[in-house]
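Colleague: Sharing target26.csv, CSV, C-alpha atoms:
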```csv
chain,number,residue,atom,x,y,z
W,119,MET,CA,54.7,163.7,298.2
W,120,LYS,CA,55.6,161.7,295.2
W,121,ILE,CA,59.1,160.1,295.1
W,122,ARG,CA,60.8,159.8,291.8
W,123,VAL,CA,62.0,156.2,291.6
W,124,VAL,CA,63.8,155.8,288.3
W,125,GLY,CA,66.1,158.1,286.4
W,126,GLN,CA,68.5,160.9,287.1
W,127,GLY,CA,67.8,162.5,290.5
W,128,GLY,CA,65.6,159.6,291.5
W,129,LEU,CA,65.8,156.8,294.1
W,130,SER,CA,67.8,154.5,291.7
W,131,SER,CA,70.3,157.3,291.1
W,132,PHE,CA,70.8,157.7,294.9
W,133,LEU,CA,71.1,154.0,295.3
W,134,GLU,CA,73.8,153.8,292.6
W,135,LYS,CA,75.8,156.4,294.5
W,136,PHE,CA,75.1,154.6,297.8
W,137,CYS,CA,76.4,151.4,296.3
W,138,TRP,CA,79.7,153.2,295.5
W,139,VAL,CA,79.9,154.2,299.2
W,140,LEU,CA,79.1,150.7,300.3
W,141,PHE,CA,81.7,149.3,297.9
W,142,CYS,CA,84.5,151.6,299.2
W,143,VAL,CA,83.5,150.9,302.9
W,144,GLY,CA,83.4,147.2,302.0
W,145,ILE,CA,87.0,147.3,300.6
W,146,ALA,CA,88.2,149.1,303.7
W,147,LEU,CA,86.5,146.6,306.0
W,148,THR,CA,87.8,143.6,304.0
W,149,ALA,CA,91.3,144.9,304.1
W,150,THR,CA,91.2,145.4,307.8
W,151,LEU,CA,89.1,142.3,308.6
W,152,PRO,CA,91.8,140.4,310.7
W,153,TRP,CA,92.2,143.4,313.0
W,154,ILE,CA,88.5,144.1,313.3
W,155,LEU,CA,87.8,140.4,314.1
W,156,ASP,CA,90.6,140.5,316.7
W,157,TYR,CA,89.2,143.6,318.3
W,158,TYR,CA,85.6,142.3,318.2
W,159,GLY,CA,86.7,139.0,319.7
W,160,LYS,CA,88.5,140.6,322.6
W,161,LEU,CA,85.6,143.0,323.2
W,162,PHE,CA,82.9,140.2,323.5
W,163,TRP,CA,84.7,136.9,324.2
W,164,ASN,CA,88.0,138.0,325.7
W,165,ASP,CA,89.8,135.8,323.1
W,166,LEU,CA,88.6,133.9,320.1
W,167,GLY,CA,91.4,131.4,320.3
W,168,THR,CA,91.3,128.7,317.6
W,169,ASP,CA,87.9,130.0,316.3
W,170,TYR,CA,89.8,133.1,315.0
W,171,ILE,CA,91.1,131.4,311.9
W,172,ARG,CA,87.9,129.5,311.3
W,173,ILE,CA,85.8,132.6,311.4
W,174,LEU,CA,88.3,134.4,309.2
W,175,ILE,CA,88.1,131.5,306.6
W,176,VAL,CA,84.3,132.1,306.4
W,177,LEU,CA,84.4,135.9,306.6
W,178,TYR,CA,87.0,136.5,303.9
W,179,PRO,CA,85.3,134.7,301.0
W,180,SER,CA,81.9,136.1,302.2
W,181,ALA,CA,83.3,139.6,302.2
W,182,LEU,CA,84.6,139.1,298.6
W,183,MET,CA,81.2,137.8,297.5
W,184,ALA,CA,79.4,140.7,299.2
W,185,LEU,CA,81.7,143.2,297.4
W,186,THR,CA,80.9,141.4,294.1
W,187,VAL,CA,77.2,141.6,294.8
W,188,VAL,CA,77.4,145.4,295.6
W,189,TRP,CA,79.4,146.0,292.4
W,190,GLN,CA,76.9,144.1,290.3
W,191,LEU,CA,74.0,145.9,291.9
W,192,ARG,CA,75.7,149.2,291.2
W,193,ARG,CA,76.1,148.3,287.5
W,194,ILE,CA,72.4,147.1,287.3
W,195,LEU,CA,71.3,150.4,288.9
W,196,ALA,CA,73.5,152.3,286.4
W,197,SER,CA,71.8,150.6,283.5
W,198,VAL,CA,68.4,151.4,285.0
W,199,ASN,CA,69.4,155.0,285.2
W,200,ARG,CA,70.5,154.9,281.6
W,201,GLY,CA,67.1,153.6,280.6
W,202,THR,CA,68.4,150.2,279.4
W,203,PRO,CA,67.4,147.8,282.2
W,204,PHE,CA,66.3,144.9,280.1
W,205,SER,CA,69.4,143.4,278.6
W,206,LEU,CA,71.0,140.0,278.7
W,207,THR,CA,74.0,141.6,280.5
W,208,ASN,CA,71.7,142.5,283.4
W,209,ALA,CA,70.3,139.0,283.4
W,210,ARG,CA,73.9,137.7,283.8
W,211,ARG,CA,74.6,140.2,286.5
W,212,VAL,CA,71.6,139.1,288.5
W,213,LYS,CA,72.8,135.5,288.1
W,214,ILE,CA,76.2,136.4,289.4
W,215,VAL,CA,74.4,137.9,292.5
W,216,SER,CA,72.6,134.7,292.9
W,217,VAL,CA,75.8,132.6,292.8
W,218,CYS,CA,77.5,134.9,295.3
W,219,CYS,CA,74.6,134.7,297.7
W,220,CYS,CA,74.6,130.9,297.3
W,221,VAL,CA,78.3,130.7,298.2
W,222,VAL,CA,77.8,132.9,301.3
W,223,GLY,CA,74.8,130.9,302.3
W,224,ILE,CA,76.7,127.6,302.1
W,225,LEU,CA,79.7,129.0,304.0
W,226,PHE,CA,77.4,130.1,306.8
W,227,LEU,CA,75.4,126.9,306.8
W,228,ILE,CA,78.5,124.7,307.1
W,229,GLY,CA,78.6,126.0,310.6
W,230,ILE,CA,82.3,126.9,311.0
W,231,VAL,CA,81.2,130.2,312.7
W,232,PRO,CA,80.4,129.4,316.4
W,233,SER,CA,77.1,131.3,316.4
W,234,LEU,CA,73.4,130.3,316.5
W,235,LEU,CA,72.6,133.1,314.0
W,236,ALA,CA,75.1,131.9,311.4
W,237,PRO,CA,72.9,129.0,310.0
W,238,LEU,CA,69.9,131.4,310.0
W,239,LEU,CA,71.9,133.9,308.0
W,240,GLY,CA,73.0,131.1,305.7
W,241,LEU,CA,69.4,130.1,305.1
W,242,ALA,CA,68.5,133.7,304.4
W,243,PHE,CA,71.3,134.0,301.9
W,244,LEU,CA,70.2,130.8,300.2
W,245,PHE,CA,66.7,132.2,300.0
W,246,PHE,CA,68.0,135.4,298.4
W,247,SER,CA,70.1,133.3,296.0
W,248,ALA,CA,67.0,131.4,294.8
W,249,LEU,CA,65.1,134.7,294.5
W,250,ALA,CA,67.9,136.2,292.4
W,251,LEU,CA,68.0,133.2,290.2
W,252,VAL,CA,64.2,133.5,289.5
W,253,LEU,CA,64.7,137.2,288.9
W,254,SER,CA,67.5,136.5,286.4
W,255,GLU,CA,65.2,134.3,284.4
W,256,LEU,CA,62.5,137.0,284.6
W,257,VAL,CA,64.9,139.6,283.1
W,258,LYS,CA,65.8,137.1,280.3
W,259,GLN,CA,62.1,136.7,279.5
W,260,ALA,CA,61.6,140.5,279.6
W,261,VAL,CA,64.5,140.9,277.1
W,262,VAL,CA,62.7,138.5,274.7
W,263,TYR,CA,59.3,140.4,275.1
W,264,LYS,CA,61.1,143.8,274.7
W,265,GLU,CA,62.8,142.6,271.5
W,266,GLU,CA,59.5,141.3,270.2
W,267,ASN,CA,57.8,144.6,271.1
W,268,ASP,CA,60.6,146.6,269.5
W,269,LEU,CA,60.3,144.6,266.3
W,270,THR,CA,56.5,145.0,266.0
W,271,ILE,CA,55.9,147.8,263.6
L,44,MET,CA,61.2,133.9,258.3
L,45,PRO,CA,59.1,132.7,255.3
L,46,ILE,CA,57.0,135.9,255.2
L,47,ILE,CA,58.7,138.4,252.8
L,48,VAL,CA,57.8,142.1,252.9
L,49,ASN,CA,57.8,143.5,249.4
L,50,LEU,CA,57.6,147.1,250.5
L,51,ASP,CA,60.6,148.3,248.4
L,52,VAL,CA,58.9,146.8,245.2
L,53,VAL,CA,55.6,148.6,245.9
L,54,MET,CA,57.5,151.8,246.9
L,55,ALA,CA,59.4,151.8,243.6
L,56,ARG,CA,56.2,151.2,241.7
L,57,ARG,CA,54.6,154.2,243.4
L,58,LYS,CA,57.8,156.2,243.2
L,59,ILE,CA,57.7,157.2,246.8
L,60,SER,CA,60.8,157.7,249.0
L,61,ALA,CA,61.3,156.0,252.4
L,62,SER,CA,61.2,159.3,254.4
L,63,GLN,CA,58.0,160.4,252.6
L,64,LEU,CA,56.3,157.1,253.2
L,65,ALA,CA,57.4,157.0,256.9
L,66,ASP,CA,56.0,160.5,257.3
L,67,GLU,CA,52.7,159.8,255.6
L,68,VAL,CA,52.2,156.4,257.4
L,69,GLY,CA,53.2,157.9,260.8
L,70,ILE,CA,56.1,155.6,261.7
L,71,THR,CA,59.7,156.4,262.2
L,72,PRO,CA,62.2,156.0,259.3
L,73,ALA,CA,64.1,153.5,261.6
L,74,ASN,CA,60.9,151.3,261.9
L,75,LEU,CA,60.3,151.6,258.2
L,76,SER,CA,63.8,150.4,257.6
L,77,ILE,CA,63.2,147.4,259.9
L,78,LEU,CA,60.1,146.6,257.9
L,79,LYS,CA,61.8,147.0,254.6
L,80,ASN,CA,64.7,144.8,255.5
L,81,ASN,CA,62.5,141.9,256.8
L,82,LYS,CA,63.8,142.3,260.3
L,83,ALA,CA,60.3,142.9,261.8
L,84,LYS,CA,58.7,140.1,263.9
L,85,ALA,CA,55.1,141.4,263.5
L,86,VAL,CA,53.1,144.1,261.8
L,87,ARG,CA,50.1,145.8,263.4
L,88,PHE,CA,46.9,145.9,261.5
L,89,SER,CA,46.9,149.7,261.9
L,90,THR,CA,50.3,150.0,260.3
L,91,LEU,CA,49.3,147.6,257.5
L,92,GLU,CA,46.1,149.7,256.9
L,93,SER,CA,48.1,152.9,256.7
L,94,LEU,CA,50.6,151.4,254.3
L,95,CYS,CA,47.9,150.1,252.1
L,96,ARG,CA,46.1,153.5,252.1
L,97,VAL,CA,49.2,155.5,251.3
L,98,LEU,CA,50.6,153.1,248.7
L,99,GLN,CA,47.1,152.3,247.3
L,100,CYS,CA,47.6,148.6,247.4
L,101,GLN,CA,46.3,145.4,249.0
L,102,PRO,CA,48.1,143.6,251.9
L,103,ALA,CA,48.9,140.8,249.5
L,104,ASP,CA,51.0,143.2,247.4
L,105,LEU,CA,53.1,143.9,250.5
L,106,LEU,CA,53.4,140.5,252.0
L,107,GLU,CA,54.4,137.2,250.4
L,108,TYR,CA,54.8,133.7,251.7
L,109,ARG,CA,57.9,131.9,250.6
L,110,GLU,CA,58.6,128.4,252.0
L,111,ASP,CA,61.9,128.1,253.9
L,112,SER,CA,64.5,125.8,252.4
L,113,GLU,CA,65.1,124.3,255.9
L,114,GLN,CA,61.3,123.7,256.3
L,115,LYS,CA,61.1,122.1,252.9
L,116,GLU,CA,63.9,119.6,253.9
L,117,GLU,CA,61.9,118.8,257.1
L,118,ASP,CA,58.8,118.0,255.0
```
Will you turn the file into structure tokens for me?

Modeller:
Amino acid sequence: MKIRVVGQGGLSSFLEKFCWVLFCVGIALTATLPWILDYYGKLFWNDLGTDYIRILIVLYPSALMALTVVWQLRRILASVNRGTPFSLTNARRVKIVSVCCCVVGILFLIGIVPSLLAPLLGLAFLFFSALALVLSELVKQAVVYKEENDLTI
Amino acid sequence: MPIIVNLDVVMARRKISASQLADEVGITPANLSILKNNKAKAVRFSTLESLCRVLQCQPADLLEYREDSEQKEED
């Protein structure tokens, strides 16, 4: 079975729609974050106490960054579906994703969240940030090559 | 760019329209327009060969080197 990856009805089209769902769920989760954290804290640690505010300070900016990443990915996928993936706008979008991942990585690395997994998650986000930055430069180079190819008669 | 494409001059001499030339050479009118307006970054040998065949001319009739004023100042 061959999967259609790019174009209408392909994997990229499905992912674009999925990003919409993720974005909407993300907004709902961000809006109800204080209550969710309270419920989660009571469920696993009885009471978070003073950590409640500290965790909220990390989670709120992280949630906003994650929403930005999902939104930018949706727009990149939309341009892929339109057949115009190599543009400077997309290079800028990938750079925004990189900056957002970097912010989340730093927030988790600072260690405000009392969890052993938090620094690991921070390192993973910093790794994604570096990868996205390289990808952004790659898209920029692809734009130059495409322009040269388009202007070769 | 100091390389000038004198396609319009040769076309006028041969009394051939842009659409006819594009059709005979086998390129799109949009690409011919890019070539005519000196917007092209490169020309394939195959395109140059077709242009010379259709317009019955030499590559030198189509291309000309004119030194840039900026480059002149640098020298």

Colleague: Neighbouring residues of W:Val198 were defined as those with any atom within 10 Å, considering only C-alpha atoms; residues of the same chain fewer than 2 positions away were excluded. Please report them as an MDAnalysis selection string.

Modeller: chainID W and resid 124:126 130:131 134 192:196 200:204 208

Colleague: Every residue with an atom at most 8 Å from (55.3, 145.4, 248.3) (file coordinates; only C-alpha atoms) is what I'm after, so could you write them as a list in words?

Modeller: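 Collected hits near the coordinates: Val48, Asn49, Leu50, Asp51, Val52, Val53, Met54, Ala103, Asp104, Leu105 and Leu106 of chain L.
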
Colleague: In Å, how far is it from atom CA of L:Ala65 to atom CA of W:Ile271?

Modeller: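 Pair atom CA of L:Ala65 / atom CA of W:Ile271 returns 11.5 Å.
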
Colleague: What are the residues of chain W lining chain L at 7 Å or less? Count only C-alpha atoms, and put the answer as a short mmCIF file (atom, residue, chain, number, x, y, z; two decimals) with C-alpha atoms, in the coordinates of the input.

Modeller:
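For reference, out12.cif as written:
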```cif
data_model
loop_
_atom_site.label_atom_id
_atom_site.label_comp_id
_atom_site.auth_asym_id
_atom_site.auth_seq_id
_atom_site.Cartn_x
_atom_site.Cartn_y
_atom_site.Cartn_z
CA GLU W 266 59.50 141.30 270.20
CA LEU W 269 60.30 144.60 266.30
CA THR W 270 56.50 145.00 266.00
CA ILE W 271 55.90 147.80 263.60
#
```

Colleague: Please provide the set of residues having any atom within 12 Å of W:Arg211, restricted to only C-alpha atoms, with same-chain residues fewer than 5 positions apart removed, written as a VMD selection string.

Modeller: chain W and resid 186 to 195 197 203 to 206 216 to 218 250 to 251 253 to 255 257 to 258

Colleague: Please report the interatomic distance between atom CA of W:Leu182 and atom CA of W:Leu241 in Å with one decimal.

Modeller: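 According to the coordinates, atom CA of W:Leu182 and atom CA of W:Leu241 are separated by 18.8 Å.
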
Colleague: What separation in Å, quoted to one decimal, exists between atom CA of W:Asp156 and atom CA of W:Val139?

Modeller: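 About the pair atom CA of W:Asp156 and atom CA of W:Val139: they are 24.7 Å apart.
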
Colleague: With only C-alpha atoms as the atoms that count, which of L:Ala55, L:Ala61, L:Val68, L:Ala73 lies nearest to L:Val97?

Modeller: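 Checking each candidate against L:Val97, we get L:Val68 as the closest.
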
Colleague: Out of W:Cys142, W:Cys219, W:Val123, W:Leu155, which residue has the shortest atom-to-atom distance to W:Ser247 when counting all atoms listed in the file?

Modeller: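 Looking only at the distances to W:Ser247, the closest residue turns out to be W:Cys219.
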
Colleague: Counting all atoms listed in the file, what is within 8 Å of W:Val222, bar same-chain residues fewer than 6 positions away, as a PyMOL selection string?

Modeller: chain W and resi 179-180+183+240+243-244
